[in-house]
Amino acid sequence: MQMKKMSIYKACDIRGIYGTDLTDNDAYLIGRAMGAILSSKDVVVGGDVRISTPALKEALIKGLLASGSNVVDVGIVPTPVYYYAKSLLNIEAGVMVTASHNPPKFNGFKPALGSLPITEAEIQNILSIVREGSFPDDIGVLKTYDIIPEYLKYIASISPKPSNAGTLKVVVDCGNGCFSEIAPSILKNVGYITESLFCVPDGSFPNRSPNSAVAANLKVLTSTVVESGADLGVAFDGDGDRVSFIDSKGRMLSADKCIVVLAGMMLADNPGGKIVYDLKCSSIVPESVSRAGGIPLAERSGHTFIKTRMIRDEGLFGGEISGHYFYKELHGGDDGLYTALKLAGYLAETGLPLSDLADSIPEYAITPDIRLPYDGDRKAVIEKIAAGFPDEMVSRIDGVKINFTNGWGLARISVTEPVITLRFEAAKPDLLVDIINEFLAPVPEISDSVIKEAGL
């Protein structure tokens with residue numbers, strides 16, 4: 001049996017280019033391997049709107065059934081709806097067939113083997129079993145379940161219903177993704193004046209990239225919000241677990257500021273709550289959480305890591321700069337539509353423009369992720385940086401983060417490419433280069449390259 005490259009087996013999921021990296025046979029073998037691990041347990045399976053999803057989903061289900069798993073197929077649904085199905089049906093194991101925000105040619109799997117998000121070790125175990133090719137021979141049972149009506153009732157029951165919803169105009173851009181037939185109707189049912197963009201499901205994503213976290217992908221939404229005099233623009237990624245927002249001035253709300261706004265909303269009703277945040281977030285996040293009476297908890301970047309920390313530490317709210325927002329009431333999970341309803345409800349109830357909320361939050365000078373190609377010993381670079389500073393300045397949650405008086409620097413090893421990912425922040429713009437130079441002093445061999453990549 002020809003072995004599949006490890007490249008499709010990532011830290012938190014399995015994904016690749018359909019037809020080359022990832023084939024229907026891979027899906028079948030992954031199903032077989034998961035079935036071997038689960039030992040005849042029930043499994044929920046859902047899929048996104050991508051053109052390749054039906055074939056991959058069918059092959060995956062065949063593999064699960066052949067290894068003795070009983071499958072509940074919930075159909076083509078947003079990832080948050082798949083998560084809700086697992087909760088409602090009290091089934092811990094599951095697979096969502098999706099490539100989330102990646103381009104249309106990609107697809108993949110988000111597996112779950114238990115109550116906590118899957119770990120990198122569990123992903124590697126699936127790979128090991130696929131390579132060994134030793135699977136149980138059994139026959140599972142396939143059932144289907146129409147989860148959408150149940151989800152619609154549920155999300156409506158836990159979301160704000162402001163009496164003055166009709167004063168707020170919302171433009172919703174579903175990007176032809178999984179929330180296309182759900183989000184506009186929910187927003188209208190609450191009472192918001194709703195205008196829809198790209199809300200017909202189409203797995204080729206003809207109108208924009210499935211990645212809603214990039215401002216350049218939301219040009220039509222931005223212009224529509226401004227030209228129509230809307231109060232809020234909402235954009236979902238391909239599978240609906242990420243969400244981004246545009247204010248009435250046509251500006252994207254940064255994820256850092258969105259976390260601050262949402263955490264403040266949650267803490268107003270739950271003082272002392274724990275707020276989990278992405279290690280790459282601006283310092284304004286933990287500072288704002290502390291001022292609001294919350295307990296900020298830094299965590300490694302990545303959906304699996306943030307959600308696991310939410311569950312284990314009973315977090316009230318969590319945020320990741322990629323646009324995932326997590327809630328205690330969702331059992332530590334995330335849902336782009338729920339976040340949109342929470343924010344819209346707050347804007348309607350308070351009458352505060354999103355632009356004013358954004359402008360009230362201070363900004364520090366922060367770089368985007370700098371992805372430095374590096375074919376050498378990347379771990380050695382990380383260790384040299386860590387060794388160059390006193391222990392009290394060093395955080396090793398993920399890679400190495402050095403906390404300076406007026407900022408910080410972060411370096412992490414990519415698990416998917418031969419690159420080192422870096423990010424820097426300074427209290428003032430004129431201090432940013434100094435922070436970078438001080439952080440990179442132990443590794444002068446990459447200093448010039450990083451400065452060049454940063455455009456400084």
# chains A, B, ... in the order shown; residues from 1 in each chain; ligands from 1

call {"tool": "residues_around", "arguments": {"residues": "stretch 39-45 of chain A", "least_positions_apart": "4", "cutoff": "8 Å", "atoms": "only C-alpha atoms", "output": "PyMOL selection string"}}
result
chain A and resi 35+57+61+67-75+82+85-86+91-97+140

call {"tool": "select_by_dssp", "arguments": {"residues": "stretch 90-292 of chain A", "states": "strand (DSSP E or B)", "output": "number ranges by chain"}}
result
A: 93-97, 106-112, 142-144, 169-173, 193-197, 203, 232-236, 243-246, 252, 274-278

call {"tool": "residues_around", "arguments": {"residues": "stretch 99-109 of chain A", "least_positions_apart": "6", "cutoff": "7 Å", "atoms": "only C-alpha atoms", "output": "VMD selection string"}}
result
chain A and resid 13 to 18 50 203 to 205 209 to 211 237 to 239

call {"tool": "write_last_selection", "arguments": {"atoms": "N, CA and C atoms", "output": "mmCIF file, in the first residue's frame"}}
result
data_model
loop_
_atom_site.group_PDB
_atom_site.id
_atom_site.type_symbol
_atom_site.label_atom_id
_atom_site.label_comp_id
_atom_site.auth_asym_id
_atom_site.auth_seq_id
_atom_site.Cartn_x
_atom_site.Cartn_y
_atom_site.Cartn_z
ATOM 1 N N ASP A 13 -5.679 19.079 12.546
ATOM 2 C CA ASP A 13 -6.614 18.512 11.572
ATOM 3 C C ASP A 13 -5.844 17.824 10.456
ATOM 4 N N ILE A 14 -6.576 17.391 9.439
ATOM 5 C CA ILE A 14 -5.998 16.746 8.261
ATOM 6 C C ILE A 14 -6.506 17.515 7.051
ATOM 7 N N ARG A 15 -5.598 17.986 6.189
ATOM 8 C CA ARG A 15 -6.075 18.751 5.036
ATOM 9 C C ARG A 15 -5.012 18.795 3.948
ATOM 10 N N GLY A 16 -5.477 19.025 2.714
ATOM 11 C CA GLY A 16 -4.573 19.132 1.583
ATOM 12 C C GLY A 16 -5.350 19.452 0.325
ATOM 13 N N ILE A 17 -4.665 19.499 -0.796
ATOM 14 C CA ILE A 17 -5.298 19.792 -2.084
ATOM 15 C C ILE A 17 -5.999 18.529 -2.572
ATOM 16 N N TYR A 18 -7.285 18.652 -2.837
ATOM 17 C CA TYR A 18 -8.071 17.493 -3.251
ATOM 18 C C TYR A 18 -7.608 16.980 -4.609
ATOM 19 N N ARG A 50 -18.014 22.502 -0.091
ATOM 20 C CA ARG A 50 -17.006 22.365 -1.139
ATOM 21 C C ARG A 50 -17.414 21.292 -2.154
ATOM 22 N N GLY A 203 -19.662 25.754 -3.607
ATOM 23 C CA GLY A 203 -18.357 25.280 -3.160
ATOM 24 C C GLY A 203 -17.183 25.705 -3.999
ATOM 25 N N SER A 204 -17.434 26.387 -5.123
ATOM 26 C CA SER A 204 -16.323 26.951 -5.892
ATOM 27 C C SER A 204 -15.961 28.348 -5.390
ATOM 28 N N PHE A 205 -16.766 28.899 -4.474
ATOM 29 C CA PHE A 205 -16.549 30.222 -3.877
ATOM 30 C C PHE A 205 -16.236 31.265 -4.961
ATOM 31 N N SER A 209 -12.734 34.831 -1.550
ATOM 32 C CA SER A 209 -12.046 33.741 -0.861
ATOM 33 C C SER A 209 -12.853 33.289 0.352
ATOM 34 N N PRO A 210 -12.785 32.007 0.716
ATOM 35 C CA PRO A 210 -13.448 31.548 1.936
ATOM 36 C C PRO A 210 -12.847 32.157 3.201
ATOM 37 N N ASN A 211 -11.677 32.775 3.087
ATOM 38 C CA ASN A 211 -11.018 33.371 4.250
ATOM 39 C C ASN A 211 -11.592 34.758 4.518
ATOM 40 N N ASP A 237 -16.433 32.751 7.294
ATOM 41 C CA ASP A 237 -15.531 31.973 6.465
ATOM 42 C C ASP A 237 -16.292 30.805 5.838
ATOM 43 N N GLY A 238 -15.577 29.937 5.125
ATOM 44 C CA GLY A 238 -16.240 28.906 4.342
ATOM 45 C C GLY A 238 -17.105 27.954 5.128
ATOM 46 N N ASP A 239 -16.673 27.577 6.343
ATOM 47 C CA ASP A 239 -17.461 26.610 7.110
ATOM 48 C C ASP A 239 -18.175 27.236 8.300
#

call {"tool": "select_by_dssp", "arguments": {"residues": "stretch 230-311 of chain A", "states": "helix (DSSP H, G or I)", "output": "ChimeraX atom specification"}}
result
/A:255-269,284-291,303-311

call {"tool": "closest_atom_pairs", "arguments": {"of": "stretch 155-189 of chain A", "to": "stretch 347-355 of chain A", "cutoff": "7 Å", "atoms": "only C-alpha atoms", "output": "Markdown table"}}
result
| residue | atom | partner | partner_atom | distance |
| --- | --- | --- | --- | --- |
| A:Pro162 | CA | A:Glu349 | CA | 5.9 |
| A:Asn164 | CA | A:Ala348 | CA | 6.4 |
| A:Ala165 | CA | A:Ala348 | CA | 5.8 |
| A:Thr167 | CA | A:Ala348 | CA | 7.0 |
| A:Leu168 | CA | A:Ala348 | CA | 6.0 |

call {"tool": "write_last_selection", "arguments": {"atoms": "all heavy atoms", "output": "mmCIF file, in the first residue's frame"}}
result
data_model
loop_
_atom_site.group_PDB
_atom_site.id
_atom_site.type_symbol
_atom_site.label_atom_id
_atom_site.label_comp_id
_atom_site.auth_asym_id
_atom_site.auth_seq_id
_atom_site.Cartn_x
_atom_site.Cartn_y
_atom_site.Cartn_z
ATOM 1 N N PRO A 162 -33.051 41.975 21.031
ATOM 2 C CA PRO A 162 -33.321 43.362 21.422
ATOM 3 C C PRO A 162 -34.654 43.854 20.872
ATOM 4 O O PRO A 162 -34.995 43.578 19.713
ATOM 5 C CB PRO A 162 -32.144 44.141 20.826
ATOM 6 C CG PRO A 162 -31.612 43.263 19.736
ATOM 7 C CD PRO A 162 -31.874 41.863 20.161
ATOM 8 N N ASN A 164 -35.428 46.729 20.052
ATOM 9 C CA ASN A 164 -35.211 47.744 19.008
ATOM 10 C C ASN A 164 -34.316 47.222 17.893
ATOM 11 O O ASN A 164 -33.584 47.986 17.262
ATOM 12 C CB ASN A 164 -34.608 49.009 19.623
ATOM 13 C CG ASN A 164 -33.257 48.744 20.290
ATOM 14 O OD1 ASN A 164 -32.923 47.595 20.600
ATOM 15 N ND2 ASN A 164 -32.491 49.792 20.520
ATOM 16 N N ALA A 165 -34.359 45.902 17.634
ATOM 17 C CA ALA A 165 -33.517 45.315 16.586
ATOM 18 C C ALA A 165 -33.732 45.996 15.238
ATOM 19 O O ALA A 165 -32.801 46.100 14.424
ATOM 20 C CB ALA A 165 -33.796 43.818 16.468
ATOM 21 N N THR A 167 -33.824 48.911 14.479
ATOM 22 C CA THR A 167 -33.048 50.143 14.287
ATOM 23 C C THR A 167 -31.654 49.863 13.740
ATOM 24 O O THR A 167 -30.922 50.800 13.399
ATOM 25 C CB THR A 167 -32.910 50.905 15.617
ATOM 26 O OG1 THR A 167 -32.159 50.098 16.547
ATOM 27 C CG2 THR A 167 -34.278 51.224 16.202
ATOM 28 N N LEU A 168 -31.261 48.593 13.699
ATOM 29 C CA LEU A 168 -29.902 48.231 13.292
ATOM 30 C C LEU A 168 -29.927 47.598 11.908
ATOM 31 O O LEU A 168 -30.652 46.631 11.662
ATOM 32 C CB LEU A 168 -29.283 47.245 14.290
ATOM 33 C CG LEU A 168 -27.759 47.052 14.191
ATOM 34 C CD1 LEU A 168 -27.054 48.226 14.877
ATOM 35 C CD2 LEU A 168 -27.324 45.737 14.834
#

call {"tool": "atom_distance", "arguments": {"atom1": "atom CA of A:Asp313", "atom2": "atom CA of A:His331"}}
result
11.6 Å

call {"tool": "atom_distance", "arguments": {"atom1": "atom CA of A:Ala230", "atom2": "atom CA of A:Ser248"}}
result
6.0 Å

call {"tool": "residues_around", "arguments": {"residues": "A:Lys379", "least_positions_apart": "2", "cutoff": "12 Å", "atoms": "only C-alpha atoms", "output": "PDB file with C-alpha atoms, in the first residue's frame"}}
result
ATOM      1  CA  TYR A 374      14.476  28.763   7.072  1.00  0.00           C
ATOM      2  CA  ASP A 375      15.939  25.406   6.001  1.00  0.00           C
ATOM      3  CA  GLY A 376      18.307  25.159   8.941  1.00  0.00           C
ATOM      4  CA  ASP A 377      17.719  23.938  12.494  1.00  0.00           C
ATOM      5  CA  VAL A 381      17.098  29.257  16.589  1.00  0.00           C
ATOM      6  CA  ILE A 382      14.213  29.215  19.075  1.00  0.00           C
ATOM      7  CA  GLU A 383      16.466  27.862  21.845  1.00  0.00           C
ATOM      8  CA  LYS A 384      19.180  30.469  21.201  1.00  0.00           C
ATOM      9  CA  ILE A 385      16.617  33.271  21.534  1.00  0.00           C
ATOM     10  CA  ALA A 386      15.249  31.800  24.779  1.00  0.00           C
ATOM     11  CA  ASP A 398       4.486  28.113  22.184  1.00  0.00           C
ATOM     12  CA  GLY A 399       7.937  28.669  20.734  1.00  0.00           C
ATOM     13  CA  VAL A 400       9.495  31.557  22.637  1.00  0.00           C
ATOM     14  CA  ALA A 411       9.040  33.213  17.428  1.00  0.00           C
ATOM     15  CA  ARG A 412       7.358  29.879  16.674  1.00  0.00           C
ATOM     16  CA  ILE A 413       8.155  26.904  14.478  1.00  0.00           C
ATOM     17  CA  SER A 414       5.615  26.201  11.759  1.00  0.00           C
ATOM     18  CA  VAL A 415       4.317  22.636  11.857  1.00  0.00           C
ATOM     19  CA  PRO A 418       9.977  25.063   6.781  1.00  0.00           C
ATOM     20  CA  VAL A 419       9.453  28.552   8.209  1.00  0.00           C
ATOM     21  CA  ILE A 420       9.802  30.392  11.495  1.00  0.00           C
TER      22      ILE A 420
END

call {"tool": "closest_atom_pairs", "arguments": {"of": "stretch 309-416 of chain A", "to": "stretch 251-259 of chain A", "cutoff": "9 Å", "atoms": "only C-alpha atoms", "output": "JSON lines"}}
result
{"residue": "A:Phe317", "atom": "CA", "partner": "A:Ile259", "partner_atom": "CA", "distance": 8.9}
{"residue": "A:Gly318", "atom": "CA", "partner": "A:Ile259", "partner_atom": "CA", "distance": 7.7}
{"residue": "A:Gly319", "atom": "CA", "partner": "A:Ile259", "partner_atom": "CA", "distance": 5.7}
{"residue": "A:Glu320", "atom": "CA", "partner": "A:Ala255", "partner_atom": "CA", "distance": 7.3}
{"residue": "A:Ile321", "atom": "CA", "partner": "A:Ala255", "partner_atom": "CA", "distance": 5.0}
{"residue": "A:Ser322", "atom": "CA", "partner": "A:Ala255", "partner_atom": "CA", "distance": 7.1}
{"residue": "A:Gly323", "atom": "CA", "partner": "A:Ala255", "partner_atom": "CA", "distance": 6.0}
{"residue": "A:His324", "atom": "CA", "partner": "A:Ala255", "partner_atom": "CA", "distance": 8.8}
{"residue": "A:Tyr325", "atom": "CA", "partner": "A:Ile259", "partner_atom": "CA", "distance": 7.7}
{"residue": "A:Leu354", "atom": "CA", "partner": "A:Leu253", "partner_atom": "CA", "distance": 8.5}
{"residue": "A:Ser355", "atom": "CA", "partner": "A:Arg251", "partner_atom": "CA", "distance": 8.0}
{"residue": "A:Leu357", "atom": "CA", "partner": "A:Lys257", "partner_atom": "CA", "distance": 8.8}
{"residue": "A:Ala358", "atom": "CA", "partner": "A:Lys257", "partner_atom": "CA", "distance": 6.5}
{"residue": "A:Ile361", "atom": "CA", "partner": "A:Lys257", "partner_atom": "CA", "distance": 6.9}
{"residue": "A:Pro362", "atom": "CA", "partner": "A:Lys257", "partner_atom": "CA", "distance": 8.9}
{"residue": "A:Glu363", "atom": "CA", "partner": "A:Lys257", "partner_atom": "CA", "distance": 8.8}

call {"tool": "residues_around", "arguments": {"residues": "A:Ile436", "least_positions_apart": "6", "cutoff": "12 Å", "atoms": "only C-alpha atoms", "output": "PyMOL selection string"}}
result
chain A and resi 365-367+370+385+401-404+406-411+422-426+429-430+442-444+446-454+456

call {"tool": "closest_residue", "arguments": {"among": "A:Val226, A:Ile182, A:Asp335, A:Leu38", "to": "A:Pro80", "atoms": "only C-alpha atoms"}}
result
A:Asp335
